[in-house]
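Undergrad: Dumping the structure here so I can ask a few things about it.
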Amino acid sequence: MSELRFLTAGESHGPCLTAILEGLPAGLALDIEAINRDLARRQQGYGRGGRMKIEKDKAEILSGVRFGETLGGPITLRVVNRDFANWTDRMAAFGAPSGEPVTAARPGHADLTGCKKYARSDIRDILERSSARETTMRVAVGALCKEFLRSLGIDVVSHVTKIGGVAVNPDHIDVMSIGRTESELNCCDAEAEERMKARIREAMAAGDTLGGTFEVIVRGVPVGLGAHIQWDRRLDARLAGAMMSIQAIKGVEIGAGFRYADQPGSVMHDEMYIEGTHVYRRTNNAGGLEGGMTNGEPVVVRAVMKPIPTLMQPLHSIDIASKKPVLACKERSDACAVSAASVVGEAMTAFVIAQAIVEKFGGDAMVDVRTALSAYNERVEKDW
Ligand SMILES: Cc1cc2nc3c(=O)[nH]c(=O)nc-3n(C[C@H](O)[C@H](O)[C@H](O)COP(=O)(O)O)c2cc1C
Ligand SMILES: C=C(O[C@@H]1CC(C(=O)O)=C[C@@H](OP(=O)(O)O)[C@H]1O)C(=O)O
């Protein structure tokens, strides 16, 4: 059975983060620099906190790759936490507890519920794993999935579309520039980006935080990934679940998404046209997905990130030790991380698409995946 799956491990201030990705076919040429480029993109972004000045995320591959090619076995990835040097006593695996426990819960975090559920009296025992530091490994895994997809002619890109109410102007976006911009906020509208930065500066000056939206686009996807036949095989559901699994993501839409509520079917559905045996559409409100399957148009997934929950002007909360009202703790924190989240969204989308490819075309050897995909593409284009 071919199945692509991964797990991540590691605490935010522990010695390192790791991931095991299993199921990539053997014979895929990998470039470690492609992983490191995506890790650097995730660290970028106006409004990020002091931690990003400490970390310089670089991936090491500890298994599953030899002479730059996958072997078909589990791939172990590791990224060292440079900040661990400042936390060695407080994060020791063994020995006596060191440092003051964190007891002031932060609204919008796993702090309170995590301590109740796991019977912990130090919020650090929860926040170390709930922290979005973990997304480093998702991006490393996603970068490998992107290389796999790229080798099959599929590319996954993302861009930020709104921050703190400042939206990009769709007329300012050159679709081909998406994913190719060097912008600090991963935004393709330079004028909107300046206003987003100004909004972030205002929020930081007020001790406040901001959220926003981003869009992930997959081009070159074959027709028929996912299936209509069972709820858990519908690719739109799997993409939405993967996106919602990212810390601070509160909503996902596919294609026109919530705009479907505004207009009748005659306006919203993508009409079909044919030339020979080639079917095409002039619009893509469906975001490339019909009946839980890709229809050959670009897959378009959008997500909204809530404002960062740790505020420098702390919110009212409770102390888990005294059970009394208290102001939430104010740890060093990002003020806005929508651009980082967009890179994570890209990674999670790449994983889901790569998983669907492996399910459909096999996961043992690249040569077999390529042969199966090209035979299938030819059939669904000409002989249906
Ligand atoms: C890339 C990224 C960076 C984040 N940085 C911070 C941060 O610096 N401070 C913070 O309080 N939350 C940050 N968050 C959000 C929290 O991790 C998240 O809100 C929290 O774990 C609770 O999970 P939930 O929002 O999904 O319910 C970040 C999220 C992402 C995706
Ligand atoms: C470390 C990262 O993000 C962290 C995510 C995060 C949170 O609560 O999610 C809180 C902050 O952690 P720290 O207190 O160590 O500064 C962020 O810096 C990262 O993105 O690599």
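Every chain in the structure tokens takes a letter, A first, then B, and so on in the order presented; its residues are numbered from 1, and the ligands are numbered from 1 following the presented order.
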Could I get the residue neighbourhood of ligand 2 at 9 Å, counting only C-alpha atoms and all ligand atoms, as a PyMOL selection string?
TA: chain A and resi 12-13+42-43+48-52+55+57+81+83+109+127-136+247-248+308-310+331-334+337+340-341
Undergrad: As a ChimeraX atom specification, please: every residue in range 104-353 of chain A that a backbone DSSP assignment puts in strand (DSSP E or B).
TA: /A:104,155-163,166-167,212-219,249-254,272-275,278-281,289-290,293-294,299-305,316-319,325-327
Undergrad: Restricting the output to C-alpha atoms, write the selected residues as a tab-separated table (two decimals), in the first residue's frame.
TA:
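What follows is the written file again-v5.tsv:
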```
chain	number	residue	atom	x	y	z
A	104	ALA	CA	-0.88	33.11	34.02
A	155	ASP	CA	3.86	23.79	-8.42
A	156	VAL	CA	2.49	25.10	-5.13
A	157	VAL	CA	2.67	28.83	-4.36
A	158	SER	CA	1.12	31.20	-1.83
A	159	HIS	CA	0.62	34.89	-1.13
A	160	VAL	CA	-0.77	37.07	1.64
A	161	THR	CA	-4.07	38.73	0.72
A	162	LYS	CA	-5.03	40.73	3.83
A	163	ILE	CA	-3.46	41.88	7.11
A	166	VAL	CA	-5.65	46.00	4.62
A	167	ALA	CA	-6.40	43.93	1.51
A	212	GLY	CA	-5.06	38.21	8.11
A	213	THR	CA	-5.69	35.98	5.14
A	214	PHE	CA	-3.55	34.16	2.58
A	215	GLU	CA	-4.12	32.09	-0.53
A	216	VAL	CA	-2.41	28.92	-1.73
A	217	ILE	CA	-2.54	27.99	-5.43
A	218	VAL	CA	-1.54	24.67	-6.98
A	219	ARG	CA	-0.91	24.67	-10.73
A	249	ILE	CA	-6.03	29.29	11.49
A	250	LYS	CA	-9.74	29.87	12.07
A	251	GLY	CA	-11.34	29.49	8.63
A	252	VAL	CA	-10.70	27.99	5.21
A	253	GLU	CA	-12.38	28.49	1.86
A	254	ILE	CA	-11.96	26.77	-1.48
A	272	MET	CA	-17.67	24.08	-19.43
A	273	TYR	CA	-16.50	24.37	-23.03
A	274	ILE	CA	-14.82	21.87	-25.33
A	275	GLU	CA	-12.29	21.98	-28.15
A	278	HIS	CA	-10.13	19.16	-24.41
A	279	VAL	CA	-12.55	20.48	-21.78
A	280	TYR	CA	-11.94	23.95	-20.33
A	281	ARG	CA	-13.64	26.55	-18.16
A	289	LEU	CA	-12.39	21.01	-6.98
A	290	GLU	CA	-15.73	19.46	-7.93
A	293	MET	CA	-11.92	15.70	-6.92
A	294	THR	CA	-9.50	17.99	-8.73
A	299	VAL	CA	-6.51	24.40	-6.83
A	300	VAL	CA	-7.19	27.57	-4.80
A	301	VAL	CA	-7.34	27.40	-0.99
A	302	ARG	CA	-7.63	30.45	1.25
A	303	ALA	CA	-7.28	30.65	5.03
A	304	VAL	CA	-7.73	33.22	7.77
A	305	MET	CA	-5.34	33.56	10.70
A	316	HIS	CA	-7.72	39.66	31.42
A	317	SER	CA	-7.25	36.04	32.38
A	318	ILE	CA	-6.75	33.74	35.37
A	319	ASP	CA	-3.79	32.31	37.29
A	325	PRO	CA	-7.93	36.91	38.14
A	326	VAL	CA	-4.66	38.04	36.62
A	327	LEU	CA	-3.38	39.69	33.46
```
Undergrad: Once DSSP has gone over the backbone, tell me which residues of range 105-198 of chain A are in helix (DSSP H, G or I), as a PyMOL selection string.
TA: chain A and resi 111-118+124-130+132-150+170-172+175-177+190-198
Undergrad: If you measure from CA of Leu30 in chain A to CA of Ala143 in chain A, what distance in Å do you get, rounded to one decimal?
TA: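 Those two atoms sit 9.7 Å apart.
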Undergrad: Please measure the separation of CA of Trp87 in chain A and CA of Gly14 in chain A, giving the value in Å to one decimal.
TA: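 Atom-to-atom, CA of Trp87 in chain A to CA of Gly14 in chain A, that is 7.6 Å.
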